[in-house]
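A.B. asks: Sending over model.cif (mmCIF, C-alpha atoms).
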```cif
data_input
#
loop_
_atom_site.label_atom_id
_atom_site.label_comp_id
_atom_site.auth_asym_id
_atom_site.auth_seq_id
_atom_site.Cartn_x
_atom_site.Cartn_y
_atom_site.Cartn_z
CA MET A 1 10.56 111.71 59.87
CA PRO A 2 6.45 111.25 60.26
CA PRO A 3 5.07 110.91 63.85
CA VAL A 4 2.47 108.77 65.55
CA ARG A 5 -0.86 110.32 64.63
CA PRO A 6 -3.49 110.73 67.35
CA ALA A 7 -6.88 112.21 66.78
CA ALA A 8 -6.78 115.78 65.56
CA ARG A 9 -9.04 118.74 66.19
CA SER A 10 -10.82 120.63 63.45
CA GLY A 11 -9.76 124.16 62.69
CA ALA A 12 -10.02 127.05 60.31
CA VAL A 13 -6.67 126.46 58.56
CA PRO A 14 -6.99 123.93 55.69
CA ALA A 15 -5.50 120.56 56.60
CA PRO A 16 -3.39 120.31 53.40
CA LEU A 17 -1.73 123.62 54.22
CA ILE A 18 -0.94 122.40 57.73
CA PHE A 19 0.45 119.14 56.34
CA MET A 20 2.74 120.90 53.87
CA SER A 21 3.83 123.38 56.55
CA SER A 22 4.84 120.41 58.65
CA ALA A 23 6.86 118.97 55.76
CA LEU A 24 8.57 122.30 55.07
CA SER A 25 9.47 122.64 58.74
CA GLN A 26 10.95 119.14 58.84
CA TYR A 27 13.07 119.60 55.72
CA VAL A 28 14.22 123.10 56.66
CA GLY A 29 15.42 121.50 59.89
CA ALA A 30 17.26 118.89 57.82
CA GLY A 31 18.84 121.70 55.79
CA LEU A 32 20.10 123.31 59.00
CA ALA A 33 21.47 119.92 60.05
CA VAL A 34 23.52 119.67 56.85
CA SER A 35 25.01 123.08 57.61
CA LEU A 36 26.11 121.77 61.02
CA PHE A 37 28.04 118.83 59.59
CA ALA A 38 31.06 121.11 59.17
CA LEU A 39 31.18 121.52 62.96
CA MET A 40 30.45 118.00 64.18
CA PRO A 41 29.75 114.49 62.87
CA SER A 42 26.33 113.76 61.42
CA MET A 43 25.62 111.30 64.25
CA THR A 44 26.21 114.04 66.82
CA VAL A 45 23.84 116.40 65.00
CA ALA A 46 21.23 113.63 64.96
CA TRP A 47 21.74 113.14 68.71
CA TRP A 48 21.22 116.87 69.31
CA ARG A 49 18.02 116.71 67.28
CA VAL A 50 16.66 113.82 69.33
CA LEU A 51 17.71 115.47 72.60
CA VAL A 52 16.24 118.90 71.84
CA GLY A 53 13.11 117.42 70.30
CA GLY A 54 12.63 115.15 73.30
CA LEU A 55 13.04 118.02 75.77
CA VAL A 56 10.52 120.16 73.89
CA LEU A 57 8.00 117.31 73.69
CA LEU A 58 8.46 116.48 77.38
CA THR A 59 7.87 120.11 78.32
CA TRP A 60 4.81 120.28 76.10
CA ARG A 61 3.20 116.94 76.93
CA ARG A 62 4.36 116.45 80.56
CA PRO A 63 3.74 112.69 80.36
CA TRP A 64 4.59 112.17 84.03
CA ARG A 65 1.13 113.49 84.91
CA HIS A 66 -0.42 110.17 83.85
CA PRO A 67 0.16 106.64 85.14
CA TRP A 68 2.23 104.35 82.94
CA SER A 69 2.08 100.59 82.79
CA ARG A 70 5.33 98.72 82.39
CA SER A 71 4.39 97.39 78.94
CA VAL A 72 3.48 100.83 77.60
CA LEU A 73 6.68 102.32 79.00
CA VAL A 74 8.82 99.58 77.43
CA SER A 75 7.04 100.02 74.08
CA ALA A 76 7.66 103.77 74.22
CA ALA A 77 11.35 103.22 75.01
CA VAL A 78 11.81 100.76 72.13
CA PHE A 79 9.94 103.11 69.81
CA GLY A 80 12.14 106.03 70.87
CA VAL A 81 15.38 104.14 70.32
CA ALA A 82 14.12 103.08 66.88
CA THR A 83 13.26 106.71 66.11
CA ALA A 84 16.72 107.86 67.17
CA THR A 85 18.34 105.12 65.08
CA MET A 86 16.31 106.16 62.06
CA ASN A 87 17.49 109.76 62.45
CA VAL A 88 21.13 108.78 62.94
CA ILE A 89 21.10 106.71 59.74
CA PHE A 90 19.24 109.39 57.78
CA TYR A 91 21.64 112.13 58.85
CA GLY A 92 24.50 109.90 57.77
CA ALA A 93 22.85 109.70 54.34
CA ILE A 94 22.29 113.46 53.89
CA ALA A 95 25.91 114.05 54.91
CA ARG A 96 26.91 112.15 51.74
CA LEU A 97 24.04 112.62 49.29
CA PRO A 98 21.76 115.53 48.34
CA LEU A 99 18.75 115.98 50.63
CA GLY A 100 16.15 115.30 47.92
CA THR A 101 17.86 112.10 46.80
CA SER A 102 18.18 110.79 50.36
CA VAL A 103 14.53 111.52 51.17
CA SER A 104 13.35 109.85 47.94
CA LEU A 105 15.30 106.69 48.77
CA GLU A 106 14.10 106.76 52.38
CA PHE A 107 10.49 106.70 51.20
CA LEU A 108 11.02 103.11 50.11
CA GLY A 109 10.32 102.16 53.75
CA PRO A 110 6.63 103.16 53.69
CA VAL A 111 6.23 101.66 50.21
CA VAL A 112 7.56 98.31 51.44
CA VAL A 113 5.22 98.42 54.45
CA ALA A 114 2.30 99.06 52.09
CA LEU A 115 3.42 96.15 49.90
CA VAL A 116 3.65 93.74 52.85
CA THR A 117 0.47 94.81 54.63
CA GLY A 118 -1.70 95.94 51.71
CA ARG A 119 -3.86 94.10 49.25
CA GLY A 120 -4.75 94.54 45.61
CA TRP A 121 -2.75 95.85 42.69
CA ARG A 122 -1.78 99.28 44.05
CA PRO A 123 0.95 98.16 46.50
CA ARG A 124 2.51 95.93 43.85
CA VAL A 125 2.55 98.63 41.20
CA ALA A 126 3.92 101.04 43.81
CA ALA A 127 6.73 98.62 44.62
CA GLY A 128 7.60 98.34 40.92
CA LEU A 129 7.69 102.12 40.50
CA ALA A 130 9.80 102.48 43.63
CA LEU A 131 12.26 99.86 42.39
CA ALA A 132 12.53 101.68 39.06
CA GLY A 133 13.16 104.89 40.99
CA VAL A 134 15.99 103.30 42.95
CA ILE A 135 17.53 101.96 39.74
CA SER A 136 17.33 105.41 38.19
CA ILE A 137 18.94 107.09 41.19
CA SER A 138 21.62 104.47 41.75
CA GLY A 139 22.34 103.79 38.08
CA LEU A 140 22.08 107.29 36.63
CA GLY A 141 22.09 109.72 39.54
CA VAL A 142 24.52 108.49 42.19
CA ASP A 143 28.10 107.63 41.34
CA VAL A 144 28.30 104.19 42.97
CA GLY A 145 32.00 104.10 42.14
CA ASP A 146 32.55 106.91 44.62
CA PRO A 147 32.83 105.32 48.09
CA VAL A 148 31.25 108.37 49.77
CA GLN A 149 28.20 108.38 47.50
CA ARG A 150 27.94 104.60 47.65
CA ALA A 151 27.89 104.77 51.45
CA GLY A 152 25.24 107.50 51.26
CA LEU A 153 23.10 105.32 49.00
CA LEU A 154 23.31 102.39 51.43
CA LEU A 155 22.59 104.65 54.41
CA ALA A 156 19.54 106.15 52.69
CA LEU A 157 18.20 102.66 51.99
CA GLY A 158 18.97 101.74 55.60
CA ALA A 159 17.04 104.81 56.74
CA GLY A 160 14.10 103.55 54.69
CA ALA A 161 14.29 100.18 56.44
CA ALA A 162 14.44 101.95 59.80
CA TRP A 163 11.41 104.03 58.78
CA ALA A 164 9.49 100.84 58.01
CA CYS A 165 10.27 99.59 61.53
CA TYR A 166 9.25 103.00 62.89
CA ILE A 167 5.86 102.72 61.18
CA LEU A 168 5.18 99.24 62.52
CA LEU A 169 6.30 100.16 66.05
CA GLY A 170 4.39 103.43 65.86
CA ARG A 171 1.16 101.61 65.09
CA ARG A 172 1.68 99.46 68.15
CA VAL A 173 2.35 102.49 70.33
CA ALA A 174 -0.63 104.37 68.91
CA SER A 175 -2.93 101.39 69.49
CA ALA A 176 -2.07 101.64 73.19
CA GLY A 177 -3.61 105.12 73.18
CA SER A 178 -0.45 106.90 74.33
CA GLY A 179 0.32 108.87 71.17
CA LEU A 180 2.51 111.92 71.63
CA ASP A 181 3.11 111.17 75.31
CA SER A 182 4.83 107.93 74.32
CA LEU A 183 6.76 109.78 71.63
CA ALA A 184 8.00 112.30 74.21
CA VAL A 185 9.16 109.55 76.56
CA GLY A 186 10.60 107.57 73.65
CA MET A 187 12.64 110.50 72.34
CA ALA A 188 14.13 110.96 75.80
CA CYS A 189 15.05 107.26 75.87
CA GLY A 190 16.56 107.53 72.39
CA ALA A 191 18.68 110.50 73.47
CA LEU A 192 19.94 108.54 76.49
CA ALA A 193 20.71 105.48 74.35
CA TYR A 194 22.89 107.47 71.94
CA ALA A 195 24.42 109.78 74.56
CA PRO A 196 27.71 107.78 74.79
CA LEU A 197 28.23 108.32 71.06
CA GLY A 198 26.95 111.88 70.85
CA ILE A 199 28.38 113.56 73.95
CA PRO A 200 32.13 113.27 73.10
CA THR A 201 31.74 115.64 70.11
CA ALA A 202 28.63 117.53 71.21
CA ALA A 203 30.56 120.48 72.68
CA ALA A 204 31.09 121.85 69.17
CA ALA A 205 27.48 123.09 69.32
CA LEU A 206 28.38 125.28 72.30
CA THR A 207 31.25 127.14 70.64
CA SER A 208 29.07 130.00 69.43
CA GLY A 209 25.59 131.39 69.80
CA ALA A 210 24.91 130.78 66.12
CA ALA A 211 25.81 127.09 66.39
CA LEU A 212 23.66 126.66 69.49
CA ALA A 213 20.74 128.40 67.78
CA MET A 214 21.08 126.12 64.75
CA VAL A 215 21.12 123.02 66.96
CA ALA A 216 17.98 124.24 68.71
CA GLY A 217 16.43 124.97 65.32
CA VAL A 218 17.15 121.45 64.09
CA GLY A 219 15.42 119.90 67.11
CA ILE A 220 12.43 122.25 67.05
CA LEU A 221 11.87 122.45 63.29
CA SER A 222 12.51 118.77 62.59
CA THR A 223 10.69 117.30 65.58
CA ALA A 224 8.46 119.47 67.76
CA VAL A 225 6.85 121.65 65.06
CA PRO A 226 6.05 118.93 62.48
CA TYR A 227 4.75 116.50 65.10
CA GLY A 228 2.48 119.17 66.52
CA LEU A 229 1.20 120.28 63.11
CA GLU A 230 0.58 116.74 61.89
CA GLN A 231 -1.38 116.00 65.05
CA VAL A 232 -3.82 118.67 63.89
CA ALA A 233 -3.83 117.87 60.17
CA LEU A 234 -3.72 114.19 59.37
CA GLU A 235 -7.01 112.99 60.78
CA ARG A 236 -8.77 115.71 58.74
CA LEU A 237 -7.33 114.54 55.42
CA SER A 238 -9.14 112.20 53.06
CA ALA A 239 -7.27 109.20 51.70
CA ASP A 240 -6.92 110.88 48.29
CA ALA A 241 -5.57 114.10 49.80
CA PHE A 242 -3.15 112.19 52.00
CA ALA A 243 -1.83 110.22 49.02
CA LEU A 244 -1.37 113.36 46.93
CA LEU A 245 0.36 115.30 49.69
CA SER A 246 2.61 112.38 50.60
CA SER A 247 3.72 112.10 46.98
CA LEU A 248 4.82 115.75 47.11
CA LEU A 249 7.20 115.22 50.04
CA PRO A 250 10.24 114.02 48.04
CA ALA A 251 9.83 117.03 45.75
CA THR A 252 9.49 119.29 48.80
CA SER A 253 12.79 118.02 50.17
CA LEU A 254 14.36 118.55 46.74
CA LEU A 255 13.15 122.16 46.75
CA ILE A 256 14.65 122.76 50.20
CA GLY A 257 17.92 121.20 49.02
CA VAL A 258 18.07 123.50 46.01
CA VAL A 259 17.15 126.70 47.90
CA MET A 260 19.03 126.17 51.17
CA LEU A 261 21.95 123.98 50.13
CA HIS A 262 22.29 124.69 46.39
CA GLN A 263 22.05 120.97 45.62
CA LEU A 264 21.01 120.69 41.97
CA PRO A 265 19.77 117.21 40.97
CA ASN A 266 20.85 115.49 37.77
CA ALA A 267 18.52 113.77 35.29
CA GLY A 268 18.78 110.36 36.98
CA GLU A 269 17.91 111.78 40.38
CA LEU A 270 14.94 113.72 38.97
CA ALA A 271 13.59 110.66 37.17
CA GLY A 272 13.98 108.57 40.32
CA LEU A 273 12.22 111.21 42.40
CA VAL A 274 9.23 111.24 40.01
CA LEU A 275 8.97 107.44 40.03
CA ILE A 276 9.21 107.18 43.82
CA SER A 277 6.70 110.01 44.26
CA ALA A 278 4.22 108.07 42.10
CA ALA A 279 4.92 104.97 44.21
CA VAL A 280 4.28 106.92 47.41
CA ALA A 281 0.98 108.22 46.03
CA LEU A 282 -0.26 104.71 45.21
CA ALA A 283 0.99 103.20 48.47
CA SER A 284 -0.48 106.00 50.58
CA LEU A 285 -3.86 105.83 48.84
CA ARG A 286 -4.28 102.21 49.88
CA GLY A 287 -2.30 102.36 53.11
CA ARG A 288 -3.98 105.39 54.72
#
```
Transcribe the structure of this file into structure tokens.
C.D. replies:
Amino acid sequence: MPPVRPAARSGAVPAPLIFMSSALSQYVGAGLAVSLFALMPSMTVAWWRVLVGGLVLLTWRRPWRHPWSRSVLVSAAVFGVATATMNVIFYGAIARLPLGTSVSLEFLGPVVVALVTGRGWRPRVAAGLALAGVISISGLGVDVGDPVQRAGLLLALGAGAAWACYILLGRRVASAGSGLDSLAVGMACGALAYAPLGIPTAAAALTSGAALAMVAGVGILSTAVPYGLEQVALERLSADAFALLSSLLPATSLLIGVVMLHQLPNAGELAGLVLISAAVALASLRGR
């Protein structure tokens, strides 16, 4: 999922390339997570992701070096629990639906935020396109008569709602000037909050070196690497470039699903992906 975005440094590598590398890393991590669902429940995999990602961010940022006010610490903790909840719901969705479909539906969260907070015609047209995309996916792509796929559809929409909350909370955390330090502390709090649910089945990750390596890969590729890369990239992107690149993310997740997981979309899912991608482009252009 996208991180809080502090100021970035300039560099020789083009910002769009860094942005897309971040997206590829995040969705490759999601592909590894799907492969782990045969060993443990999706919620446990999500807990491992939050735990590993939090440990890496804590080691990198070392937030204890700076003083923390009580209000900033509480905001970071709430933000971290919301982040963990978003990941738990999203992993529940990709355990039941193809990765590209789940990501497309999840992107409704940012579109709704743009609709509520934005002005002008773009957010409203984006909302209409997104709604048409959902209808295409749910009416033509997903078999809503299948209880597993129906649950995946609801979980993906729930992940979008959680992402909307993440965005609003993230803005509040970022406005406090804490950025990645708050994210590191928050991820640790999220891992602690979900520990009672994750620990009982977490030992499955320790049964082999391959499983442990995949769990570490999920946490690093889905959390530490994309957050670090986006820190560098996003403040160097123009609004137009950000909108274009954001609209490519559902298609990027679809590509990872096809290559890594052999998940081939049907016509309804493809049409929905195109409609939601157009909605993301419009919403991002105004909401940057």
A.B. asks: Could you tell me which residues the PyMOL selection byres ((chain A and resi 166) around 12) returns for this structure, as a CSV table (one decimal) with C-alpha atoms, in the coordinates of the input?
C.D. replies:
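part12.csv, freshly written:
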```csv
chain,number,residue,atom,x,y,z
A,1,MET,CA,10.6,111.7,59.9
A,2,PRO,CA,6.4,111.2,60.3
A,3,PRO,CA,5.1,110.9,63.8
A,4,VAL,CA,2.5,108.8,65.6
A,75,SER,CA,7.0,100.0,74.1
A,76,ALA,CA,7.7,103.8,74.2
A,78,VAL,CA,11.8,100.8,72.1
A,79,PHE,CA,9.9,103.1,69.8
A,80,GLY,CA,12.1,106.0,70.9
A,81,VAL,CA,15.4,104.1,70.3
A,82,ALA,CA,14.1,103.1,66.9
A,83,THR,CA,13.3,106.7,66.1
A,84,ALA,CA,16.7,107.9,67.2
A,85,THR,CA,18.3,105.1,65.1
A,86,MET,CA,16.3,106.2,62.1
A,87,ASN,CA,17.5,109.8,62.4
A,109,GLY,CA,10.3,102.2,53.8
A,110,PRO,CA,6.6,103.2,53.7
A,113,VAL,CA,5.2,98.4,54.4
A,159,ALA,CA,17.0,104.8,56.7
A,160,GLY,CA,14.1,103.6,54.7
A,161,ALA,CA,14.3,100.2,56.4
A,162,ALA,CA,14.4,102.0,59.8
A,163,TRP,CA,11.4,104.0,58.8
A,164,ALA,CA,9.5,100.8,58.0
A,165,CYS,CA,10.3,99.6,61.5
A,167,ILE,CA,5.9,102.7,61.2
A,168,LEU,CA,5.2,99.2,62.5
A,169,LEU,CA,6.3,100.2,66.0
A,170,GLY,CA,4.4,103.4,65.9
A,171,ARG,CA,1.2,101.6,65.1
A,172,ARG,CA,1.7,99.5,68.2
A,173,VAL,CA,2.4,102.5,70.3
A,174,ALA,CA,-0.6,104.4,68.9
A,183,LEU,CA,6.8,109.8,71.6
A,186,GLY,CA,10.6,107.6,73.6
```
A.B. asks: With the file shown as input, list the residues that the PyMOL selection byres ((chain A and resi 50-62) around 10) selects, as a VMD selection string.
C.D. replies: chain A and resid 44 to 49 63 to 66 80 to 81 83 to 85 87 to 88 180 to 192 194 to 195 215 to 225 227 to 228
A.B. asks: Just write the chosen residues, C-alpha atoms, as a PDB file, in the frame of the given file.
C.D. replies:
```pdb
ATOM      1  CA  THR A  44      26.210 114.040  66.820  1.00  0.00           C
ATOM      2  CA  VAL A  45      23.840 116.400  65.000  1.00  0.00           C
ATOM      3  CA  ALA A  46      21.230 113.630  64.960  1.00  0.00           C
ATOM      4  CA  TRP A  47      21.740 113.140  68.710  1.00  0.00           C
ATOM      5  CA  TRP A  48      21.220 116.870  69.310  1.00  0.00           C
ATOM      6  CA  ARG A  49      18.020 116.710  67.280  1.00  0.00           C
ATOM      7  CA  PRO A  63       3.740 112.690  80.360  1.00  0.00           C
ATOM      8  CA  TRP A  64       4.590 112.170  84.030  1.00  0.00           C
ATOM      9  CA  ARG A  65       1.130 113.490  84.910  1.00  0.00           C
ATOM     10  CA  HIS A  66      -0.420 110.170  83.850  1.00  0.00           C
ATOM     11  CA  GLY A  80      12.140 106.030  70.870  1.00  0.00           C
ATOM     12  CA  VAL A  81      15.380 104.140  70.320  1.00  0.00           C
ATOM     13  CA  THR A  83      13.260 106.710  66.110  1.00  0.00           C
ATOM     14  CA  ALA A  84      16.720 107.860  67.170  1.00  0.00           C
ATOM     15  CA  THR A  85      18.340 105.120  65.080  1.00  0.00           C
ATOM     16  CA  ASN A  87      17.490 109.760  62.450  1.00  0.00           C
ATOM     17  CA  VAL A  88      21.130 108.780  62.940  1.00  0.00           C
ATOM     18  CA  LEU A 180       2.510 111.920  71.630  1.00  0.00           C
ATOM     19  CA  ASP A 181       3.110 111.170  75.310  1.00  0.00           C
ATOM     20  CA  SER A 182       4.830 107.930  74.320  1.00  0.00           C
ATOM     21  CA  LEU A 183       6.760 109.780  71.630  1.00  0.00           C
ATOM     22  CA  ALA A 184       8.000 112.300  74.210  1.00  0.00           C
ATOM     23  CA  VAL A 185       9.160 109.550  76.560  1.00  0.00           C
ATOM     24  CA  GLY A 186      10.600 107.570  73.650  1.00  0.00           C
ATOM     25  CA  MET A 187      12.640 110.500  72.340  1.00  0.00           C
ATOM     26  CA  ALA A 188      14.130 110.960  75.800  1.00  0.00           C
ATOM     27  CA  CYS A 189      15.050 107.260  75.870  1.00  0.00           C
ATOM     28  CA  GLY A 190      16.560 107.530  72.390  1.00  0.00           C
ATOM     29  CA  ALA A 191      18.680 110.500  73.470  1.00  0.00           C
ATOM     30  CA  LEU A 192      19.940 108.540  76.490  1.00  0.00           C
ATOM     31  CA  TYR A 194      22.890 107.470  71.940  1.00  0.00           C
ATOM     32  CA  ALA A 195      24.420 109.780  74.560  1.00  0.00           C
ATOM     33  CA  VAL A 215      21.120 123.020  66.960  1.00  0.00           C
ATOM     34  CA  ALA A 216      17.980 124.240  68.710  1.00  0.00           C
ATOM     35  CA  GLY A 217      16.430 124.970  65.320  1.00  0.00           C
ATOM     36  CA  VAL A 218      17.150 121.450  64.090  1.00  0.00           C
ATOM     37  CA  GLY A 219      15.420 119.900  67.110  1.00  0.00           C
ATOM     38  CA  ILE A 220      12.430 122.250  67.050  1.00  0.00           C
ATOM     39  CA  LEU A 221      11.870 122.450  63.290  1.00  0.00           C
ATOM     40  CA  SER A 222      12.510 118.770  62.590  1.00  0.00           C
ATOM     41  CA  THR A 223      10.690 117.300  65.580  1.00  0.00           C
ATOM     42  CA  ALA A 224       8.460 119.470  67.760  1.00  0.00           C
ATOM     43  CA  VAL A 225       6.850 121.650  65.060  1.00  0.00           C
ATOM     44  CA  TYR A 227       4.750 116.500  65.100  1.00  0.00           C
ATOM     45  CA  GLY A 228       2.480 119.170  66.520  1.00  0.00           C
TER      46      GLY A 228
END
```
A.B. asks: Quick check, in Å to one decimal: how far apart do atom CA of Ala283 of chain A and atom CA of Ser102 of chain A lie?
C.D. replies: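 Between atom CA of Ala283 of chain A and atom CA of Ser102 of chain A the gap is 18.9 Å.
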A.B. asks: Output the residue selection produced by the PyMOL selection byres ((chain A and resi 135) around 12) on the file above, formatted as a list in words.
C.D. replies: Leu105, Gly128, Leu129, Ala130, Leu131, Ala132, Gly133, Val134, Ser136, Ile137, Ser138, Gly139, Leu140, Gly141, Val142, Val144, Leu153, Gly268, Glu269, Ala271, Gly272, Leu273, Leu275 and Ile276 of chain A
A.B. asks: Atom CA of Val258 of chain A and atom CA of Ala213 of chain A, how far apart in Å?
C.D. replies: 22.5 Å
A.B. asks: So that I can see what lies close to segment 22-24 of chain A, please list as a count of residues only the residues with an atom at most 10 Å from it, counting all atoms listed in the file and leaving out residues fewer than 2 positions away in the same chain.
C.D. replies: 33
A.B. asks: Report the distance between atom CA of Pro41 of chain A and atom CA of Val103 of chain A in Å, rounded to one decimal place.
C.D. replies: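 That distance, rounded to one decimal, is 19.4 Å.
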A.B. asks: Find the residue from A:Ser35, A:Ser247, A:Gln263, A:Ser277 that sits nearest to Leu97 of chain A; use all atoms listed in the file when measuring.
C.D. replies: A:Gln263
A.B. asks: Which one of A:Ile199, A:Pro147, A:Trp121, A:Ser71 sits closest to Met43 of chain A if you count only C-alpha atoms?
C.D. replies: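 That would be A:Ile199, the residue with the smallest distance to Met43 of chain A.
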A.B. asks: Write out as a list in words which residues come within 10 Å of Pro123 of chain A when counting all atoms listed in the file, dropping same-chain ones fewer than 5 positions away.
C.D. replies: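 So, after excluding close chain neighbours, the residues are Val111, Val112, Val113, Ala114, Leu115, Val116, Thr117, Gly118, Gly128, Leu129, Ala279, Val280, Leu282, Ala283, Ser284, Leu285, Arg286 and Gly287 of chain A.
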A.B. asks: Just C-alpha atoms for this one: save the residues we selected as a tab-separated table (two decimals), keeping the file's coordinate frame.
C.D. replies:
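The resulting out-v5.tsv:
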```
chain	number	residue	atom	x	y	z
A	111	VAL	CA	6.23	101.66	50.21
A	112	VAL	CA	7.56	98.31	51.44
A	113	VAL	CA	5.22	98.42	54.45
A	114	ALA	CA	2.30	99.06	52.09
A	115	LEU	CA	3.42	96.15	49.90
A	116	VAL	CA	3.65	93.74	52.85
A	117	THR	CA	0.47	94.81	54.63
A	118	GLY	CA	-1.70	95.94	51.71
A	128	GLY	CA	7.60	98.34	40.92
A	129	LEU	CA	7.69	102.12	40.50
A	279	ALA	CA	4.92	104.97	44.21
A	280	VAL	CA	4.28	106.92	47.41
A	282	LEU	CA	-0.26	104.71	45.21
A	283	ALA	CA	0.99	103.20	48.47
A	284	SER	CA	-0.48	106.00	50.58
A	285	LEU	CA	-3.86	105.83	48.84
A	286	ARG	CA	-4.28	102.21	49.88
A	287	GLY	CA	-2.30	102.36	53.11
```
A.B. asks: Using only C-alpha atoms for the distances, tell me which of A:Tyr91, A:Ala33, A:Leu39, A:Val13 is nearest to Leu206 of chain A.
C.D. replies: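 Smallest separation from Leu206 of chain A among the options: A:Leu39.
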A.B. asks: Name the closest residue to Thr101 of chain A among the candidates A:Ala156, A:Val259, A:Ala203, A:Ala38; distances are taken between atoms, counting only C-alpha atoms.
C.D. replies: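 Closest residue, counting only C-alpha atoms: A:Ala156.
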A.B. asks: Need to verify the contact set: Arg96 of chain A, 6 Å, all atoms listed in the file, exclusion of same-chain residues closer than 2 positions in sequence. Can you return it as a count of residues only?
C.D. replies: 4
A.B. asks: Nearest residue to Ala127 of chain A out of A:Leu36, A:Asp143, A:Pro14, A:Phe107, using only C-alpha atoms?
C.D. replies: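 Among the listed residues, the smallest separation from Ala127 of chain A belongs to A:Phe107.
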